[in-house]
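Colleague: Before we start, here is the structure in question, set down as structure tokens.
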Amino acid sequence: MRTHSLAARLLFVLPALATPAVALANDRAGVLPPGAADKHWRLAAVPMPRDNPGTPARIDLGKALFFDPRLSGNGATSCASCHNPSLGWADGLKKAAGVGGAVLGRATPTITNTGYNTQFMWDGRAKSLEDQALGPMKAADEMNTDFPAMLERLRSQAGYVKMFEMAYPGEGISEATLAKALAAFERTVTSRNSPFDRWLAGDSRAMTQAQWRGYKVFSDPARGNCATCHSAPNFTDNGFHNIGIASTGTADPGRYGIRKVASMRGAFKTPTLRDIELTAPYFHDGSAATLLDVVKHYERGGDDQSNLSADMKPLKLTEQDRTDLIAFLKALTGRPAKITAPELPR
């Protein structure tokens, strides 16, 4: 279990993923510019709810809360313990670690670009980013927060009292304002400056030839068929699909646990692919260690055929297609960002 000391000022740096400069220079020659049909992949500004638009005071408060382990039941686990900026705002584990290091049932999803989502968590049980923000704290096997005690602790700290008043004047320190502040910060965690984004903006040298060819494989229903579910502009349809992941134990019902529709049994939310290179391992159970493993899973058409999504079908990729497709997925990685954990209020 990763923890953060209260006085820590930690610097998280997303890793730069280098490719030899000469090879890149040669491979970028002749990449075609985006056409009108490509523009629908452009990301607009993150949408803001009317009752909680982001302001500097709200974002600063949310950031402090996000990194503060005092929000957890054991005082040792913060939101950043599992959503670590150095690990693509995930945790690098096959399955999330809960209280006392217990292995949970699902992988930790990234919070990158979650502000664009309309469905939240693997099974869609949270209806808004504000609702999602409190989920891990309320889960006994995750942060196991004692809310009355935690809120009283925040109210006893002059630094937090001042920050809450600046962010939400007259609303006080409550579950509602806590959730709104966390959501305000999480909406700032975005990836919108990848090579693919820069290519869309008109930089014809931003992507390599391999990445551009991979984009065509990705978009072609007869080859990759990826854009069917990982759709524009955030590489997710915000839907739920059973992609044929074989269970190694008790079957996870997925969306079916929330919505009792037969097609939702074993279906999970389509994750964004932005910054996908940073968030291995993959799938809701962390069963794919690499992007190659992911592609091969789709090439097979999934492993468990018992309730497979109609959108799943075996792929017939050449070795070149496979290599190019992975190159394109890596082109969705944004430029490295530096995140400094804040001085926590007292």
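In the structure tokens, each chain is lettered A, B, ... as it comes, each chain's residues begin at 1, and ligands are numbered from 1 in order of appearance.
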Give the alpha helix (DSSP H) residues of range 75-156 of chain A, as assigned by DSSP on the backbone, as a compact mmCIF listing (two decimals) with C-alpha atoms, in the first residue's frame.

Modeller:
```txt
# COMPACT_ATOMS: atom_id res chain seq x y z
CA CYS A 79 -6.80 9.03 -3.29
CA ALA A 80 -3.30 9.41 -4.78
CA SER A 81 -2.23 6.12 -3.20
CA CYS A 82 -4.16 4.28 -5.93
CA LEU A 129 -17.83 12.57 -10.97
CA GLU A 130 -18.94 14.05 -7.65
CA ASP A 131 -20.70 10.77 -6.79
CA GLN A 132 -17.67 8.75 -7.88
CA ALA A 133 -15.29 10.82 -5.74
CA LEU A 134 -16.80 9.51 -2.51
CA GLY A 135 -17.12 5.88 -3.64
CA PRO A 136 -13.67 4.63 -2.56
CA MET A 137 -13.96 6.40 0.79
CA LYS A 138 -17.33 4.79 1.51
CA PHE A 147 -17.15 10.15 7.62
CA PRO A 148 -18.40 11.81 10.84
CA ALA A 149 -14.94 11.57 12.40
CA MET A 150 -13.16 12.67 9.22
CA LEU A 151 -15.42 15.68 8.69
CA GLU A 152 -14.98 16.77 12.30
CA ARG A 153 -11.22 16.49 11.86
CA LEU A 154 -11.36 18.74 8.79
CA ARG A 155 -13.53 21.26 10.65
```

Colleague: List the spatial neighbours of range 252-256 of chain A as number ranges by chain - criterion: any atom at most 7 Å away, only C-alpha atoms, same-chain residues fewer than 6 positions off excluded.

Modeller: A: 123-124, 240, 264-268

Colleague: Please produce a file of the residues just selected, as a PDB file, in the first residue's frame, where the atoms kept are N, CA and C atoms.

Modeller:
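Here's the written file out-v2.pdb:
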```pdb
ATOM      1  N   ASP A 123     -18.451  -0.573 -13.379  1.00  0.00           N
ATOM      2  CA  ASP A 123     -19.815  -1.060 -13.567  1.00  0.00           C
ATOM      3  C   ASP A 123     -20.847   0.060 -13.696  1.00  0.00           C
ATOM      4  N   GLY A 124     -20.378   1.304 -13.721  1.00  0.00           N
ATOM      5  CA  GLY A 124     -21.280   2.431 -13.930  1.00  0.00           C
ATOM      6  C   GLY A 124     -22.171   2.768 -12.754  1.00  0.00           C
ATOM      7  N   PHE A 240     -20.955  -0.257 -21.980  1.00  0.00           N
ATOM      8  CA  PHE A 240     -20.531  -1.457 -21.265  1.00  0.00           C
ATOM      9  C   PHE A 240     -20.568  -2.642 -22.214  1.00  0.00           C
ATOM     10  N   MET A 264     -25.715  -7.438 -20.115  1.00  0.00           N
ATOM     11  CA  MET A 264     -24.774  -6.735 -19.250  1.00  0.00           C
ATOM     12  C   MET A 264     -23.994  -7.670 -18.330  1.00  0.00           C
ATOM     13  N   ARG A 265     -24.297  -8.967 -18.376  1.00  0.00           N
ATOM     14  CA  ARG A 265     -23.559  -9.897 -17.536  1.00  0.00           C
ATOM     15  C   ARG A 265     -22.111  -9.986 -18.020  1.00  0.00           C
ATOM     16  N   GLY A 266     -21.177  -9.679 -17.140  1.00  0.00           N
ATOM     17  CA  GLY A 266     -19.764  -9.690 -17.511  1.00  0.00           C
ATOM     18  C   GLY A 266     -19.342  -8.510 -18.365  1.00  0.00           C
ATOM     19  N   ALA A 267     -20.192  -7.487 -18.461  1.00  0.00           N
ATOM     20  CA  ALA A 267     -19.870  -6.300 -19.258  1.00  0.00           C
ATOM     21  C   ALA A 267     -19.265  -5.222 -18.360  1.00  0.00           C
ATOM     22  N   PHE A 268     -18.249  -4.550 -18.883  1.00  0.00           N
ATOM     23  CA  PHE A 268     -17.570  -3.499 -18.124  1.00  0.00           C
ATOM     24  C   PHE A 268     -17.436  -2.258 -18.982  1.00  0.00           C
TER      25      PHE A 268
END
```

Colleague: Could you check which of A:Pro195, A:Pro53, A:Gly75, A:Pro271 is closest to Ala327 in chain A, using only C-alpha atoms?

Modeller: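 Closest candidate: A:Pro195.
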
Colleague: So how far away is CA of Pro221 in chain A from CA of Thr112 in chain A, in Å?

Modeller: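 Taking CA of Thr112 in chain A and CA of Pro221 in chain A, their separation equals 26.6 Å.
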
Colleague: Smallest atom-to-atom distance to Ser231 in chain A: which of A:Trp212, A:Ala97, A:Leu273, A:Lys260, using only C-alpha atoms?

Modeller: A:Leu273

Colleague: Taking only residues of range 162-273 of chain A that have an atom at most 8 Å from an atom of range 329-346 of chain A, what is each one's shortest atom pair and its distance in Å to one decimal, using only C-alpha atoms, in chain and number order, as a Markdown table?

Modeller:
```
| residue | atom | partner | partner_atom | distance |
| --- | --- | --- | --- | --- |
| A:Ser191 | CA | A:Gly334 | CA | 5.5 |
| A:Arg192 | CA | A:Gly334 | CA | 6.5 |
| A:Asn193 | CA | A:Gly334 | CA | 5.1 |
| A:Ser194 | CA | A:Gly334 | CA | 3.9 |
| A:Pro195 | CA | A:Ala331 | CA | 5.3 |
| A:Phe196 | CA | A:Ala331 | CA | 5.7 |
| A:Asp197 | CA | A:Leu332 | CA | 7.8 |
| A:Met207 | CA | A:Ala331 | CA | 7.0 |
| A:Gln211 | CA | A:Ala331 | CA | 6.5 |
| A:Gly214 | CA | A:Leu329 | CA | 7.9 |
| A:Leu273 | CA | A:Leu332 | CA | 7.1 |
```

Colleague: Kindly save the residues from that selection, with N, CA and C atoms included, as a PDB file, in the first residue's frame.

Modeller:
```
ATOM      1  N   SER A 191      -5.498  14.624 -20.578  1.00  0.00           N
ATOM      2  CA  SER A 191      -4.476  14.332 -21.580  1.00  0.00           C
ATOM      3  C   SER A 191      -5.033  14.782 -22.920  1.00  0.00           C
ATOM      4  N   ARG A 192      -4.502  15.903 -23.425  1.00  0.00           N
ATOM      5  CA  ARG A 192      -5.017  16.494 -24.663  1.00  0.00           C
ATOM      6  C   ARG A 192      -3.889  16.968 -25.573  1.00  0.00           C
ATOM      7  N   ASN A 193      -2.641  16.541 -25.278  1.00  0.00           N
ATOM      8  CA  ASN A 193      -1.504  17.060 -26.056  1.00  0.00           C
ATOM      9  C   ASN A 193      -0.614  15.934 -26.568  1.00  0.00           C
ATOM     10  N   SER A 194      -1.215  14.794 -26.867  1.00  0.00           N
ATOM     11  CA  SER A 194      -0.461  13.653 -27.393  1.00  0.00           C
ATOM     12  C   SER A 194      -0.038  13.911 -28.827  1.00  0.00           C
ATOM     13  N   PRO A 195       0.855  13.084 -29.378  1.00  0.00           N
ATOM     14  CA  PRO A 195       1.178  13.212 -30.800  1.00  0.00           C
ATOM     15  C   PRO A 195      -0.060  13.183 -31.692  1.00  0.00           C
ATOM     16  N   PHE A 196      -1.036  12.363 -31.347  1.00  0.00           N
ATOM     17  CA  PHE A 196      -2.270  12.306 -32.129  1.00  0.00           C
ATOM     18  C   PHE A 196      -3.010  13.639 -32.067  1.00  0.00           C
ATOM     19  N   ASP A 197      -3.099  14.246 -30.880  1.00  0.00           N
ATOM     20  CA  ASP A 197      -3.755  15.543 -30.751  1.00  0.00           C
ATOM     21  C   ASP A 197      -3.023  16.618 -31.539  1.00  0.00           C
ATOM     22  N   MET A 207       3.045  12.737 -35.746  1.00  0.00           N
ATOM     23  CA  MET A 207       2.937  11.280 -35.707  1.00  0.00           C
ATOM     24  C   MET A 207       3.884  10.649 -36.723  1.00  0.00           C
ATOM     25  N   GLN A 211       2.531   5.139 -36.734  1.00  0.00           N
ATOM     26  CA  GLN A 211       1.394   5.565 -35.917  1.00  0.00           C
ATOM     27  C   GLN A 211       0.204   5.953 -36.794  1.00  0.00           C
ATOM     28  N   GLY A 214      -1.315   2.870 -38.066  1.00  0.00           N
ATOM     29  CA  GLY A 214      -2.038   2.241 -36.972  1.00  0.00           C
ATOM     30  C   GLY A 214      -3.378   2.897 -36.714  1.00  0.00           C
ATOM     31  N   LEU A 273      -8.604   5.353 -23.964  1.00  0.00           N
ATOM     32  CA  LEU A 273      -7.279   4.879 -24.365  1.00  0.00           C
ATOM     33  C   LEU A 273      -6.232   5.983 -24.270  1.00  0.00           C
TER      34      LEU A 273
END
```

Colleague: So that I can see what lies close to Thr228 in chain A, please list as number ranges by chain the residues with an atom at most 12 Å from it, counting only C-alpha atoms and leaving out residues fewer than 2 positions away in the same chain.

Modeller: A: 218-226, 230-232, 235-239, 241, 270, 309-313

Colleague: Take the selection from the previous step and output its residues with N, CA and C atoms, as a PDB file, in the first residue's frame.

Modeller:
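Listing of selection-v1.pdb after writing:
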```pdb
ATOM      1  N   PHE A 218      -6.891   1.047 -36.603  1.00  0.00           N
ATOM      2  CA  PHE A 218      -7.774   1.284 -35.464  1.00  0.00           C
ATOM      3  C   PHE A 218      -9.176   1.671 -35.933  1.00  0.00           C
ATOM      4  N   SER A 219      -9.248   2.517 -36.936  1.00  0.00           N
ATOM      5  CA  SER A 219     -10.521   3.086 -37.382  1.00  0.00           C
ATOM      6  C   SER A 219     -11.282   2.197 -38.353  1.00  0.00           C
ATOM      7  N   ASP A 220     -10.612   1.233 -38.953  1.00  0.00           N
ATOM      8  CA  ASP A 220     -11.205   0.411 -40.011  1.00  0.00           C
ATOM      9  C   ASP A 220     -12.032  -0.723 -39.404  1.00  0.00           C
ATOM     10  N   PRO A 221     -13.363  -0.751 -39.606  1.00  0.00           N
ATOM     11  CA  PRO A 221     -14.188  -1.837 -39.058  1.00  0.00           C
ATOM     12  C   PRO A 221     -13.788  -3.219 -39.554  1.00  0.00           C
ATOM     13  N   ALA A 222     -13.154  -3.273 -40.721  1.00  0.00           N
ATOM     14  CA  ALA A 222     -12.763  -4.563 -41.290  1.00  0.00           C
ATOM     15  C   ALA A 222     -11.416  -5.046 -40.772  1.00  0.00           C
ATOM     16  N   ARG A 223     -10.695  -4.190 -40.070  1.00  0.00           N
ATOM     17  CA  ARG A 223      -9.392  -4.603 -39.525  1.00  0.00           C
ATOM     18  C   ARG A 223      -9.403  -4.509 -37.999  1.00  0.00           C
ATOM     19  N   GLY A 224      -9.110  -3.353 -37.442  1.00  0.00           N
ATOM     20  CA  GLY A 224      -9.050  -3.251 -35.987  1.00  0.00           C
ATOM     21  C   GLY A 224     -10.413  -3.195 -35.330  1.00  0.00           C
ATOM     22  N   ASN A 225     -11.344  -2.491 -35.948  1.00  0.00           N
ATOM     23  CA  ASN A 225     -12.704  -2.350 -35.410  1.00  0.00           C
ATOM     24  C   ASN A 225     -12.693  -1.740 -34.007  1.00  0.00           C
ATOM     25  N   CYS A 226     -11.660  -0.988 -33.683  1.00  0.00           N
ATOM     26  CA  CYS A 226     -11.487  -0.483 -32.317  1.00  0.00           C
ATOM     27  C   CYS A 226     -12.406   0.701 -32.017  1.00  0.00           C
ATOM     28  N   HIS A 230     -14.216   2.276 -28.658  1.00  0.00           N
ATOM     29  CA  HIS A 230     -13.300   3.343 -28.222  1.00  0.00           C
ATOM     30  C   HIS A 230     -13.470   4.517 -29.188  1.00  0.00           C
ATOM     31  N   SER A 231     -14.605   5.177 -29.046  1.00  0.00           N
ATOM     32  CA  SER A 231     -15.036   6.148 -30.050  1.00  0.00           C
ATOM     33  C   SER A 231     -14.604   7.570 -29.705  1.00  0.00           C
ATOM     34  N   ALA A 232     -14.803   8.459 -30.664  1.00  0.00           N
ATOM     35  CA  ALA A 232     -14.391   9.851 -30.541  1.00  0.00           C
ATOM     36  C   ALA A 232     -15.286  10.593 -29.543  1.00  0.00           C
ATOM     37  N   PHE A 235     -12.017   8.367 -26.917  1.00  0.00           N
ATOM     38  CA  PHE A 235     -11.696   6.948 -27.078  1.00  0.00           C
ATOM     39  C   PHE A 235     -12.508   6.064 -26.119  1.00  0.00           C
ATOM     40  N   THR A 236     -13.751   6.441 -25.896  1.00  0.00           N
ATOM     41  CA  THR A 236     -14.688   5.597 -25.159  1.00  0.00           C
ATOM     42  C   THR A 236     -16.100   5.957 -25.581  1.00  0.00           C
ATOM     43  N   ASP A 237     -16.975   4.949 -25.657  1.00  0.00           N
ATOM     44  CA  ASP A 237     -18.385   5.192 -25.937  1.00  0.00           C
ATOM     45  C   ASP A 237     -19.190   5.345 -24.657  1.00  0.00           C
ATOM     46  N   ASN A 238     -18.509   5.309 -23.506  1.00  0.00           N
ATOM     47  CA  ASN A 238     -19.175   5.372 -22.212  1.00  0.00           C
ATOM     48  C   ASN A 238     -20.216   4.267 -22.063  1.00  0.00           C
ATOM     49  N   GLY A 239     -19.970   3.171 -22.780  1.00  0.00           N
ATOM     50  CA  GLY A 239     -20.869   2.035 -22.712  1.00  0.00           C
ATOM     51  C   GLY A 239     -20.239   0.858 -21.996  1.00  0.00           C
ATOM     52  N   HIS A 241     -19.489  -3.416 -22.230  1.00  0.00           N
ATOM     53  CA  HIS A 241     -19.380  -4.526 -23.173  1.00  0.00           C
ATOM     54  C   HIS A 241     -18.707  -5.720 -22.503  1.00  0.00           C
ATOM     55  N   THR A 270     -16.210   0.764 -21.104  1.00  0.00           N
ATOM     56  CA  THR A 270     -15.113   0.972 -22.047  1.00  0.00           C
ATOM     57  C   THR A 270     -14.192   2.057 -21.506  1.00  0.00           C
ATOM     58  N   SER A 309     -20.140  -9.661 -26.304  1.00  0.00           N
ATOM     59  CA  SER A 309     -20.756  -8.510 -26.953  1.00  0.00           C
ATOM     60  C   SER A 309     -20.840  -8.731 -28.459  1.00  0.00           C
ATOM     61  N   ALA A 310     -21.909  -8.239 -29.053  1.00  0.00           N
ATOM     62  CA  ALA A 310     -22.086  -8.358 -30.498  1.00  0.00           C
ATOM     63  C   ALA A 310     -21.003  -7.614 -31.264  1.00  0.00           C
ATOM     64  N   ASP A 311     -20.343  -6.664 -30.614  1.00  0.00           N
ATOM     65  CA  ASP A 311     -19.283  -5.899 -31.275  1.00  0.00           C
ATOM     66  C   ASP A 311     -17.952  -6.650 -31.318  1.00  0.00           C
ATOM     67  N   MET A 312     -17.858  -7.761 -30.596  1.00  0.00           N
ATOM     68  CA  MET A 312     -16.622  -8.545 -30.576  1.00  0.00           C
ATOM     69  C   MET A 312     -16.620  -9.556 -31.711  1.00  0.00           C
ATOM     70  N   LYS A 313     -15.514  -9.571 -32.439  1.00  0.00           N
ATOM     71  CA  LYS A 313     -15.328 -10.555 -33.502  1.00  0.00           C
ATOM     72  C   LYS A 313     -13.828 -10.743 -33.703  1.00  0.00           C
TER      73      LYS A 313
END
```

Colleague: Take CA of Gly244 in chain A and CA of Ala107 in chain A and report the distance between them in Å, one decimal.

Modeller: 16.6 Å

Colleague: Quick one: everything within 9 Å of range 55-58 of chain A, counting only C-alpha atoms, minus sequence neighbours fewer than 2 positions away in the same chain. Send it as a ChimeraX atom specification.

Modeller: /A:52-53,60-63,163-164,166-168,180-182,184-185

Colleague: Rounded to one decimal place, report the CA of Arg70 in chain A-CA of Asp146 in chain A distance in Å.

Modeller: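 Separation between CA of Arg70 in chain A and CA of Asp146 in chain A: 10.4 Å.
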